[in-house]
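**Q** Next up, input-v3.txt (compact mmCIF, C-alpha atoms and all ligand atoms).
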# COMPACT_ATOMS: atom_id res chain seq x y z
CA MET A 1 -60.18 73.61 -15.14
CA ARG A 2 -60.35 71.30 -18.13
CA PRO A 3 -63.71 72.11 -19.70
CA THR A 4 -64.93 68.54 -20.09
CA TRP A 5 -67.82 67.75 -17.80
CA ALA A 6 -70.92 65.65 -17.39
CA GLY A 7 -74.13 67.49 -16.65
CA ILE A 8 -76.37 65.59 -14.25
CA HIS A 9 -79.97 66.68 -14.74
CA LEU A 10 -81.52 65.71 -11.44
CA ASP A 11 -84.85 67.23 -12.46
CA HIS A 12 -85.01 64.66 -15.27
CA LEU A 13 -84.28 61.89 -12.78
CA ALA A 14 -87.19 62.96 -10.59
CA GLN A 15 -89.49 63.28 -13.61
CA ASN A 16 -88.43 59.88 -14.96
CA PHE A 17 -89.29 58.29 -11.64
CA LYS A 18 -92.69 59.97 -11.67
CA HIS A 19 -93.40 58.81 -15.25
CA LEU A 20 -92.33 55.27 -14.45
CA LYS A 21 -94.64 55.13 -11.45
CA GLN A 22 -97.51 56.24 -13.67
CA ARG A 23 -96.62 53.65 -16.29
CA ILE A 24 -95.84 50.70 -14.01
CA GLY A 25 -98.43 51.47 -11.37
CA SER A 26 -98.64 51.83 -7.64
CA ASN A 27 -99.25 48.18 -6.74
CA CYS A 28 -95.60 47.58 -6.12
CA GLU A 29 -92.69 49.23 -4.33
CA TYR A 30 -89.79 50.78 -6.23
CA LEU A 31 -86.13 50.00 -5.71
CA ALA A 32 -83.76 52.37 -7.50
CA VAL A 33 -80.60 50.62 -8.63
CA VAL A 34 -77.82 53.10 -7.86
CA LYS A 35 -74.89 50.70 -8.03
CA ALA A 36 -71.78 51.60 -10.02
CA ASN A 37 -72.06 55.25 -8.93
CA ALA A 38 -75.64 55.29 -10.24
CA TYR A 39 -74.48 54.01 -13.63
CA GLY A 40 -71.91 56.82 -13.70
CA HIS A 41 -74.35 59.59 -12.79
CA GLY A 42 -73.20 60.03 -9.18
CA ALA A 43 -74.81 57.79 -6.56
CA VAL A 44 -75.16 60.30 -3.73
CA PRO A 45 -76.93 63.17 -5.56
CA CYS A 46 -79.13 60.70 -7.46
CA ALA A 47 -80.09 58.84 -4.29
CA GLN A 48 -80.81 62.10 -2.46
CA VAL A 49 -83.21 63.24 -5.18
CA LEU A 50 -84.89 59.85 -5.41
CA GLU A 51 -85.30 59.67 -1.64
CA ARG A 52 -86.95 63.07 -1.66
CA SER A 53 -89.15 61.87 -4.54
CA GLY A 54 -90.47 58.94 -2.51
CA ILE A 55 -88.39 55.94 -3.61
CA ASP A 56 -88.89 52.89 -1.37
CA TRP A 57 -85.52 51.14 -1.63
CA PHE A 58 -82.05 51.48 -3.08
CA GLY A 59 -80.00 48.70 -4.66
CA VAL A 60 -76.21 48.59 -4.76
CA ALA A 61 -73.70 45.97 -5.86
CA ILE A 62 -71.31 46.00 -2.90
CA PRO A 63 -71.42 47.12 0.74
CA GLU A 64 -68.94 49.95 0.08
CA GLU A 65 -71.51 51.60 -2.18
CA ALA A 66 -74.20 51.30 0.49
CA ILE A 67 -71.90 52.72 3.17
CA GLU A 68 -71.22 55.75 0.95
CA LEU A 69 -74.97 56.35 0.76
CA ARG A 70 -75.43 55.95 4.52
CA GLN A 71 -72.55 58.36 5.19
CA ALA A 72 -74.30 60.88 2.93
CA GLY A 73 -77.43 60.58 5.06
CA ILE A 74 -79.54 58.22 2.94
CA ARG A 75 -82.08 56.55 5.25
CA LYS A 76 -84.24 54.32 3.05
CA PRO A 77 -83.52 50.57 3.06
CA ILE A 78 -80.58 49.50 0.90
CA LEU A 79 -80.42 46.04 -0.66
CA CYS A 80 -76.92 44.85 -1.40
CA LEU A 81 -77.63 42.91 -4.60
CA GLY A 82 -74.22 41.26 -4.72
CA GLY A 83 -74.10 40.13 -1.11
CA PHE A 84 -70.87 40.85 0.77
CA TRP A 85 -67.40 39.50 1.40
CA GLU A 86 -66.12 37.85 4.58
CA GLY A 87 -65.13 40.54 7.07
CA GLN A 88 -67.87 42.97 6.02
CA GLU A 89 -70.71 41.29 7.94
CA SER A 90 -70.57 43.45 11.10
CA GLU A 91 -70.32 46.65 9.10
CA ILE A 92 -73.37 45.86 6.98
CA ILE A 93 -75.37 45.28 10.14
CA ARG A 94 -74.15 48.51 11.75
CA SER A 95 -74.90 50.45 8.56
CA ASN A 96 -78.34 48.89 8.29
CA ILE A 97 -77.70 47.29 4.87
CA THR A 98 -79.84 44.35 3.78
CA PRO A 99 -77.76 41.65 2.12
CA ALA A 100 -78.91 39.44 -0.73
CA ILE A 101 -77.96 35.92 0.36
CA PHE A 102 -77.07 33.14 -2.05
CA LEU A 103 -74.24 31.42 -0.19
CA LEU A 104 -74.71 29.48 3.03
CA GLU A 105 -71.30 30.67 4.24
CA SER A 106 -72.48 34.30 4.02
CA ALA A 107 -75.65 33.46 5.91
CA VAL A 108 -73.63 31.83 8.68
CA LEU A 109 -71.28 34.84 8.89
CA VAL A 110 -74.05 37.40 9.09
CA ASP A 111 -76.00 35.32 11.58
CA ARG A 112 -72.95 35.08 13.86
CA ALA A 113 -72.26 38.82 13.58
CA ALA A 114 -75.92 39.56 14.32
CA ARG A 115 -75.76 37.38 17.44
CA ASN A 116 -72.64 39.23 18.61
CA LEU A 117 -74.41 42.53 18.08
CA ASN A 118 -77.51 41.18 19.77
CA THR A 119 -79.80 41.80 16.83
CA VAL A 120 -81.79 40.02 14.12
CA VAL A 121 -80.90 40.89 10.54
CA PRO A 122 -83.31 40.93 7.59
CA ILE A 123 -82.01 39.14 4.51
CA HIS A 124 -83.30 38.56 0.97
CA LEU A 125 -82.77 35.14 -0.59
CA LYS A 126 -81.55 35.29 -4.17
CA VAL A 127 -82.54 32.38 -6.37
CA ASP A 128 -81.06 31.63 -9.77
CA THR A 129 -83.97 31.16 -12.15
CA GLY A 130 -81.83 31.18 -15.28
CA MET A 131 -79.38 34.05 -15.19
CA GLY A 132 -76.63 31.65 -14.21
CA ARG A 133 -74.78 34.22 -12.16
CA VAL A 134 -75.17 34.36 -8.37
CA GLY A 135 -78.24 32.73 -6.86
CA ILE A 136 -79.40 29.52 -5.21
CA ARG A 137 -80.31 26.95 -7.84
CA LEU A 138 -83.79 25.52 -7.48
CA GLU A 139 -82.60 21.95 -6.91
CA ASN A 140 -80.63 23.17 -3.88
CA LEU A 141 -83.26 25.50 -2.50
CA SER A 142 -85.04 23.11 -0.14
CA GLU A 143 -81.88 22.10 1.69
CA PHE A 144 -80.64 25.71 1.68
CA ALA A 145 -83.88 26.90 3.27
CA ASP A 146 -83.68 24.23 5.98
CA ARG A 147 -80.19 25.42 6.91
CA ILE A 148 -81.26 29.07 6.90
CA ARG A 149 -84.09 28.26 9.29
CA GLU A 150 -81.53 27.10 11.85
CA LEU A 151 -79.88 30.54 11.85
CA LYS A 152 -81.93 32.29 14.52
CA ASN A 153 -80.45 35.77 14.10
CA LEU A 154 -81.62 36.02 10.49
CA ARG A 155 -85.08 37.00 9.35
CA VAL A 156 -85.88 36.12 5.75
CA GLU A 157 -87.72 39.14 4.42
CA GLY A 158 -87.40 38.92 0.66
CA LEU A 159 -87.14 36.54 -2.27
CA MET A 160 -85.47 37.81 -5.40
CA SER A 161 -84.12 36.73 -8.76
CA HIS A 162 -82.79 38.36 -11.91
CA PHE A 163 -83.72 38.07 -15.60
CA ALA A 164 -81.25 37.18 -18.31
CA SER A 165 -82.97 38.68 -21.36
CA ALA A 166 -86.16 40.49 -20.48
CA ASP A 167 -85.17 43.15 -23.01
CA ASP A 168 -85.36 40.75 -25.95
CA PRO A 169 -88.82 39.81 -27.34
CA SER A 170 -87.38 36.76 -29.09
CA GLU A 171 -86.47 35.48 -25.60
CA ASP A 172 -89.91 35.97 -24.06
CA ASP A 173 -90.40 32.22 -23.62
CA TYR A 174 -87.23 32.08 -21.55
CA THR A 175 -88.29 35.10 -19.51
CA ASN A 176 -91.64 33.40 -18.83
CA GLU A 177 -89.80 30.24 -17.85
CA GLN A 178 -87.75 32.27 -15.36
CA LEU A 179 -91.00 33.64 -13.95
CA ASN A 180 -92.35 30.07 -13.60
CA ARG A 181 -89.24 29.01 -11.76
CA PHE A 182 -89.57 32.02 -9.45
CA ASP A 183 -93.16 30.98 -8.68
CA GLN A 184 -91.93 27.46 -7.96
CA ALA A 185 -89.28 28.81 -5.58
CA TYR A 186 -91.90 30.93 -3.84
CA ALA A 187 -94.30 27.98 -3.53
CA LEU A 188 -91.58 25.71 -2.15
CA LEU A 189 -90.50 28.23 0.48
CA SER A 190 -94.06 29.18 1.39
CA ALA A 191 -94.86 25.51 1.94
CA LYS A 192 -91.97 25.45 4.40
CA GLY A 193 -93.51 28.37 6.28
CA PHE A 194 -91.38 31.24 5.00
CA GLN A 195 -93.21 34.53 4.60
CA PHE A 196 -91.93 37.25 2.34
CA THR A 197 -92.63 40.95 2.53
CA TYR A 198 -90.72 41.39 -0.73
CA ARG A 199 -90.77 39.33 -3.93
CA ASP A 200 -88.86 40.98 -6.73
CA LEU A 201 -87.20 40.11 -9.99
CA ALA A 202 -88.19 42.80 -12.49
CA ASN A 203 -85.42 44.98 -13.89
CA SER A 204 -86.21 47.91 -16.22
CA PRO A 205 -87.25 45.99 -19.36
CA ALA A 206 -89.21 43.39 -17.38
CA ALA A 207 -91.08 46.03 -15.38
CA ILE A 208 -92.28 47.57 -18.64
CA ARG A 209 -92.74 44.51 -20.87
CA HIS A 210 -93.69 41.74 -18.42
CA PRO A 211 -96.37 42.98 -16.00
CA ALA A 212 -96.47 39.59 -14.24
CA SER A 213 -92.89 40.15 -13.15
CA ARG A 214 -93.70 43.26 -11.12
CA GLN A 215 -94.71 41.27 -8.03
CA SER A 216 -94.28 43.28 -4.81
CA MET A 217 -91.31 45.38 -5.93
CA VAL A 218 -89.51 46.36 -9.15
CA ARG A 219 -85.77 47.06 -9.29
CA ILE A 220 -85.15 49.78 -11.82
CA GLY A 221 -81.86 51.22 -13.00
CA GLY A 222 -81.51 52.22 -16.64
CA LEU A 223 -84.98 53.68 -17.15
CA LEU A 224 -84.54 56.05 -14.22
CA TYR A 225 -81.50 57.51 -15.94
CA GLY A 226 -83.45 57.92 -19.17
CA LEU A 227 -81.58 55.07 -20.88
CA TYR A 228 -84.12 52.98 -22.74
CA ARG A 229 -83.57 52.98 -26.49
CA ASP A 230 -81.33 49.95 -26.35
CA ILE A 231 -83.11 47.96 -23.64
CA LEU A 232 -86.64 48.17 -25.00
CA PRO A 233 -87.86 47.03 -28.41
CA LYS A 234 -87.82 49.81 -31.03
CA ASP A 235 -91.62 49.96 -31.22
CA LEU A 236 -91.88 50.47 -27.48
CA GLN A 237 -90.56 53.96 -27.04
CA LEU A 238 -90.92 55.93 -23.82
CA PRO A 239 -90.40 59.46 -25.08
CA GLU A 240 -91.39 60.97 -21.77
CA LEU A 241 -88.16 59.65 -20.23
CA ARG A 242 -85.31 62.13 -20.54
CA PRO A 243 -81.60 61.41 -20.32
CA VAL A 244 -80.17 62.39 -16.96
CA LEU A 245 -76.62 62.73 -18.24
CA SER A 246 -75.17 65.07 -20.83
CA LEU A 247 -71.51 65.30 -21.76
CA GLN A 248 -69.96 68.61 -22.74
CA SER A 249 -66.63 70.09 -23.68
CA LYS A 250 -65.09 72.99 -25.57
CA ILE A 251 -62.83 73.16 -28.60
CA ALA A 252 -59.23 73.46 -27.34
CA PHE A 253 -57.43 73.95 -30.65
CA ILE A 254 -58.38 74.44 -34.27
CA LYS A 255 -56.37 74.28 -37.44
CA ASP A 256 -56.61 74.33 -41.23
CA VAL A 257 -55.45 71.15 -42.86
CA PRO A 258 -54.90 70.69 -46.61
CA PRO A 259 -56.39 67.75 -48.55
CA ASN A 260 -54.69 64.38 -48.40
CA GLU A 261 -53.29 64.79 -44.87
CA THR A 262 -53.69 61.96 -42.38
CA LEU A 263 -54.95 62.56 -38.86
CA GLY A 264 -54.24 60.84 -35.55
CA TYR A 265 -52.77 57.51 -34.46
CA GLY A 266 -52.67 54.90 -37.16
CA ARG A 267 -53.45 57.58 -39.78
CA SER A 268 -56.96 56.15 -40.07
CA PHE A 269 -58.48 59.31 -41.57
CA ARG A 270 -57.29 61.22 -44.65
CA THR A 271 -58.69 64.66 -45.51
CA LYS A 272 -60.42 64.83 -48.87
CA ARG A 273 -60.76 68.61 -49.00
CA PRO A 274 -59.26 71.68 -47.36
CA SER A 275 -60.48 71.05 -43.80
CA ARG A 276 -60.83 72.74 -40.45
CA ILE A 277 -60.08 70.25 -37.75
CA ALA A 278 -60.87 70.90 -34.09
CA THR A 279 -59.33 69.13 -31.11
CA VAL A 280 -61.69 68.32 -28.23
CA PRO A 281 -60.29 67.46 -24.77
CA ILE A 282 -61.94 64.09 -24.30
CA GLY A 283 -60.51 60.65 -24.90
CA TYR A 284 -60.86 57.06 -23.95
CA HIS A 285 -59.50 57.67 -20.45
CA ASP A 286 -62.56 59.86 -19.94
CA GLY A 287 -64.80 57.03 -21.12
CA TYR A 288 -65.23 58.18 -24.69
CA PRO A 289 -64.59 54.81 -26.31
CA ARG A 290 -61.80 54.35 -28.82
CA ALA A 291 -64.30 52.28 -30.82
CA LEU A 292 -65.95 55.60 -31.73
CA SER A 293 -62.95 56.51 -33.91
CA ASN A 294 -64.27 57.73 -37.29
CA GLN A 295 -67.78 56.64 -36.17
CA SER A 296 -69.56 59.25 -34.10
CA THR A 297 -70.51 62.89 -34.20
CA MET A 298 -70.51 65.80 -31.76
CA ILE A 299 -72.61 68.96 -31.92
CA VAL A 300 -70.95 72.36 -32.34
CA ASN A 301 -72.94 75.57 -32.69
CA GLY A 302 -76.09 73.70 -33.70
CA ALA A 303 -74.50 71.43 -36.33
CA PHE A 304 -73.07 67.92 -36.36
CA ALA A 305 -69.30 67.52 -36.63
CA ASN A 306 -67.88 64.09 -37.46
CA VAL A 307 -65.26 62.46 -35.29
CA VAL A 308 -62.23 61.97 -37.53
CA GLY A 309 -59.23 59.75 -36.89
CA ARG A 310 -58.68 57.61 -33.81
CA VAL A 311 -59.97 58.65 -30.43
CA SER A 312 -56.85 58.84 -28.27
CA MET A 313 -56.45 58.75 -24.49
CA ASP A 314 -57.09 62.45 -23.89
CA TRP A 315 -58.10 64.01 -27.21
CA THR A 316 -60.57 63.52 -30.05
CA LEU A 317 -60.59 65.29 -33.42
CA ILE A 318 -63.72 66.56 -35.14
CA ASP A 319 -64.19 68.00 -38.61
CA VAL A 320 -65.72 71.50 -38.37
CA THR A 321 -65.12 72.51 -41.99
CA ASP A 322 -68.85 73.02 -42.49
CA ILE A 323 -69.28 74.98 -39.25
CA PRO A 324 -67.53 78.31 -39.97
CA SER A 325 -68.56 79.76 -36.60
CA ALA A 326 -66.64 77.03 -34.73
CA SER A 327 -63.62 78.44 -32.91
CA VAL A 328 -61.45 77.80 -29.88
CA ASP A 329 -63.73 77.69 -26.82
CA SER A 330 -66.88 76.86 -28.82
CA ASN A 331 -69.10 74.53 -26.80
CA VAL A 332 -69.17 70.91 -27.89
CA THR A 333 -72.06 68.61 -27.02
CA ILE A 334 -70.78 65.05 -26.91
CA ILE A 335 -73.93 63.52 -25.42
CA GLY A 336 -77.01 65.69 -25.24
CA ILE A 337 -79.50 67.81 -27.07
CA GLU A 338 -78.84 71.12 -28.81
CA ASN A 339 -81.85 72.68 -30.54
CA ASP A 340 -83.20 69.95 -32.85
CA LEU A 341 -80.06 67.85 -32.79
CA SER A 342 -79.17 65.16 -30.32
CA VAL A 343 -76.50 62.59 -29.64
CA THR A 344 -77.70 59.90 -27.23
CA ALA A 345 -75.71 57.54 -25.07
CA GLU A 346 -77.59 54.73 -26.80
CA GLU A 347 -76.34 55.87 -30.23
CA LEU A 348 -72.74 56.13 -29.09
CA ALA A 349 -73.06 52.74 -27.44
CA SER A 350 -74.37 51.13 -30.61
CA TYR A 351 -71.51 52.60 -32.68
CA SER A 352 -69.10 51.06 -30.22
CA GLN A 353 -70.91 47.68 -30.04
CA THR A 354 -72.06 48.01 -26.46
CA ILE A 355 -75.02 49.27 -24.44
CA SER A 356 -75.67 52.71 -23.01
CA TYR A 357 -75.18 51.39 -19.45
CA GLU A 358 -71.55 50.55 -20.18
CA LEU A 359 -71.03 53.94 -21.76
CA THR A 360 -72.36 56.00 -18.84
CA CYS A 361 -70.72 53.71 -16.26
CA GLY A 362 -67.46 54.19 -18.10
CA ILE A 363 -67.35 57.99 -17.85
CA SER A 364 -64.32 58.28 -15.65
CA PRO A 365 -63.80 60.29 -12.45
CA ARG A 366 -61.60 62.66 -14.49
CA VAL A 367 -64.83 64.06 -15.93
CA HIS A 368 -66.29 66.47 -13.43
CA ARG A 369 -70.01 65.90 -12.67
CA LYS A 370 -71.94 69.15 -12.59
CA ILE A 371 -75.41 69.15 -11.06
CA ILE A 372 -77.54 71.01 -13.58
CA ALA A 373 -80.86 71.28 -11.83
CA ASP A 374 -81.26 70.28 -8.26
CA VAL A 375 -84.67 69.29 -6.98
CA THR A 376 -85.80 70.41 -3.57
C1 LIG B 401 -79.78 42.28 -9.59
C2 LIG B 401 -80.15 43.46 -10.43
N1 LIG B 401 -81.41 43.94 -10.36
C3 LIG B 401 -81.80 45.00 -11.09
C4 LIG B 401 -80.93 45.62 -11.96
C5 LIG B 401 -81.42 46.80 -12.77
O1 LIG B 401 -81.39 46.58 -14.15
P1 LIG B 401 -81.87 47.75 -15.12
O2 LIG B 401 -80.83 48.82 -15.05
O3 LIG B 401 -81.94 47.14 -16.48
O4 LIG B 401 -83.17 48.23 -14.63
C6 LIG B 401 -79.63 45.14 -12.08
C7 LIG B 401 -78.70 45.77 -13.03
O5 LIG B 401 -77.81 45.22 -13.58
C8 LIG B 401 -79.22 44.04 -11.29
O6 LIG B 401 -77.99 43.54 -11.38
Mind converting the file's structure to structure tokens?
**A**
Amino acid sequence: MRPTWAGIHLDHLAQNFKHLKQRIGSNCEYLAVVKANAYGHGAVPCAQVLERSGIDWFGVAIPEEAIELRQAGIRKPILCLGGFWEGQESEIIRSNITPAIFLLESAVLVDRAARNLNTVVPIHLKVDTGMGRVGIRLENLSEFADRIRELKNLRVEGLMSHFASADDPSEDDYTNEQLNRFDQAYALLSAKGFQFTYRDLANSPAAIRHPASRQSMVRIGGLLYGLYRDILPKDLQLPELRPVLSLQSKIAFIKDVPPNETLGYGRSFRTKRPSRIATVPIGYHDGYPRALSNQSTMIVNGAFANVVGRVSMDWTLIDVTDIPSASVDSNVTIIGIENDLSVTAEELASYSQTISYELTCGISPRVHRKIIADVT
């Protein structure tokens, strides 16, 4: 088997959840966002551990992700943050999935399916308070609510919204404005007689930085996976959170290269000294971004080795000249901690002009996920 794999440290996931509960408090419920295969970490094992650790809800993007969780035996409520597409309405009811509703057409579809199945379906209304993505705009909310009230097989259980830039202190005024608009939406709907068990809009950075946003539930993704260095201000570190994912490989080939040789596609690196160059079986098809060419480092036998030349589809070169013990089959830490050294997903993301979420989400199915420590 190709020795390139992602270690999924489920013990860290459980500990992260515990730390977050201590930090954020017990006045609200916790929804774990496990969409996008739990940001690349593997939705089913992550959800199983979180369910055993006492999570209240799960959040997914699409019904297919929720159905996968149900088929794996997940029983806690699942909120489908992105609603659903026509034709999926009966299945979400049968699989006990709670849809976020922001389109009247979806509400009508799910109401009709609920009537056919002789049931009443809980829904969460999603209002757009300034994200500008999906959500009912405030000026349309009154009319929307009146129409929803006519749909007798729906029960409005939650009111939700989503922040645009809760991670950015220079945008705090905007975040507060979004909170104001959420309060306005809540007041308008309450005045019409709607009652909500759930009011939620806090994502990871809001739950930490904006206590007023916690309301009755927080929806946390990144922090659970130990990704925080690029979504929280630098002075607000949470060192107790540990990365859930590590990325490992082994040297496949090693060679001596004289000075003044070029390496890889585009010849973007030229050796300046007699060099030992190792080939690592990971490339951009695995989710190791091409933008890391000549930018990042890996750890071999307790020392950093620079990535040299372009990252290609399946292979990446590293310079191990200063690591004499490096040989074929030496372990390579691509993301992770080895003794005092570490390479974080956040660092790799910043070298490639993105965020850690995109990096972990992008680790492709070709990279085997290995559960490192299961939690009973
Ligand atoms: C609607 C919604 N809520 C919550 C989250 C969780 O965000 P975070 O991972 O920053 O906690 C997301 C993630 O994109 C989301 O789309």
**Q** Could you work out how far atom CA of A:Met1 lies from atom CA of A:Pro243, giving the answer in Å with one decimal?
**A**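 Between atom CA of A:Pro243 and atom CA of A:Met1 the gap works out to 25.2 Å.
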**Q** Output the neighbourhood of ligand LIG 401 (chain B) as a CSV table (one decimal) with C-alpha atoms, keeping the file's coordinate frame, that is, all protein and nucleic acid residues with some atom at most 10 Å from the ligand, counting all atoms listed in the file.
**A**
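In the end it all went to part16.csv:
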chain,number,residue,atom,x,y,z
A,31,LEU,CA,-86.1,50.0,-5.7
A,32,ALA,CA,-83.8,52.4,-7.5
A,33,VAL,CA,-80.6,50.6,-8.6
A,34,VAL,CA,-77.8,53.1,-7.9
A,35,LYS,CA,-74.9,50.7,-8.0
A,36,ALA,CA,-71.8,51.6,-10.0
A,38,ALA,CA,-75.6,55.3,-10.2
A,39,TYR,CA,-74.5,54.0,-13.6
A,59,GLY,CA,-80.0,48.7,-4.7
A,60,VAL,CA,-76.2,48.6,-4.8
A,61,ALA,CA,-73.7,46.0,-5.9
A,79,LEU,CA,-80.4,46.0,-0.7
A,80,CYS,CA,-76.9,44.8,-1.4
A,81,LEU,CA,-77.6,42.9,-4.6
A,82,GLY,CA,-74.2,41.3,-4.7
A,100,ALA,CA,-78.9,39.4,-0.7
A,126,LYS,CA,-81.6,35.3,-4.2
A,131,MET,CA,-79.4,34.0,-15.2
A,133,ARG,CA,-74.8,34.2,-12.2
A,134,VAL,CA,-75.2,34.4,-8.4
A,160,MET,CA,-85.5,37.8,-5.4
A,161,SER,CA,-84.1,36.7,-8.8
A,162,HIS,CA,-82.8,38.4,-11.9
A,163,PHE,CA,-83.7,38.1,-15.6
A,164,ALA,CA,-81.2,37.2,-18.3
A,165,SER,CA,-83.0,38.7,-21.4
A,166,ALA,CA,-86.2,40.5,-20.5
A,167,ASP,CA,-85.2,43.2,-23.0
A,200,ASP,CA,-88.9,41.0,-6.7
A,201,LEU,CA,-87.2,40.1,-10.0
A,202,ALA,CA,-88.2,42.8,-12.5
A,203,ASN,CA,-85.4,45.0,-13.9
A,204,SER,CA,-86.2,47.9,-16.2
A,205,PRO,CA,-87.2,46.0,-19.4
A,206,ALA,CA,-89.2,43.4,-17.4
A,207,ALA,CA,-91.1,46.0,-15.4
A,208,ILE,CA,-92.3,47.6,-18.6
A,218,VAL,CA,-89.5,46.4,-9.2
A,219,ARG,CA,-85.8,47.1,-9.3
A,220,ILE,CA,-85.2,49.8,-11.8
A,221,GLY,CA,-81.9,51.2,-13.0
A,222,GLY,CA,-81.5,52.2,-16.6
A,223,LEU,CA,-85.0,53.7,-17.2
A,224,LEU,CA,-84.5,56.0,-14.2
A,225,TYR,CA,-81.5,57.5,-15.9
A,227,LEU,CA,-81.6,55.1,-20.9
A,228,TYR,CA,-84.1,53.0,-22.7
A,231,ILE,CA,-83.1,48.0,-23.6
A,232,LEU,CA,-86.6,48.2,-25.0
A,357,TYR,CA,-75.2,51.4,-19.4
**Q** Could you jot down the atom CA of A:Ile323 to atom CA of A:Asn301 separation for me, Å, one decimal place?
**A**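 Atom CA of A:Asn301 lies 7.5 Å from atom CA of A:Ile323.
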**Q** With distances taken over all atoms listed in the file, which residue among A:Ala43, A:Leu125, A:Leu109, A:Met217 lies nearest A:Asp56?
**A** A:Met217
**Q** Enter the distance from atom CA of A:Asn260 to atom CA of A:Val332, in Å, rounded to one decimal.
**A** 25.9 Å
**Q** Can you pull out every residue within 7 Å of A:Ser356, counting all atoms listed in the file, but drop anything in the same chain fewer than 6 positions away, and send it as a ChimeraX atom specification?
**A** /A:227,345-346,349
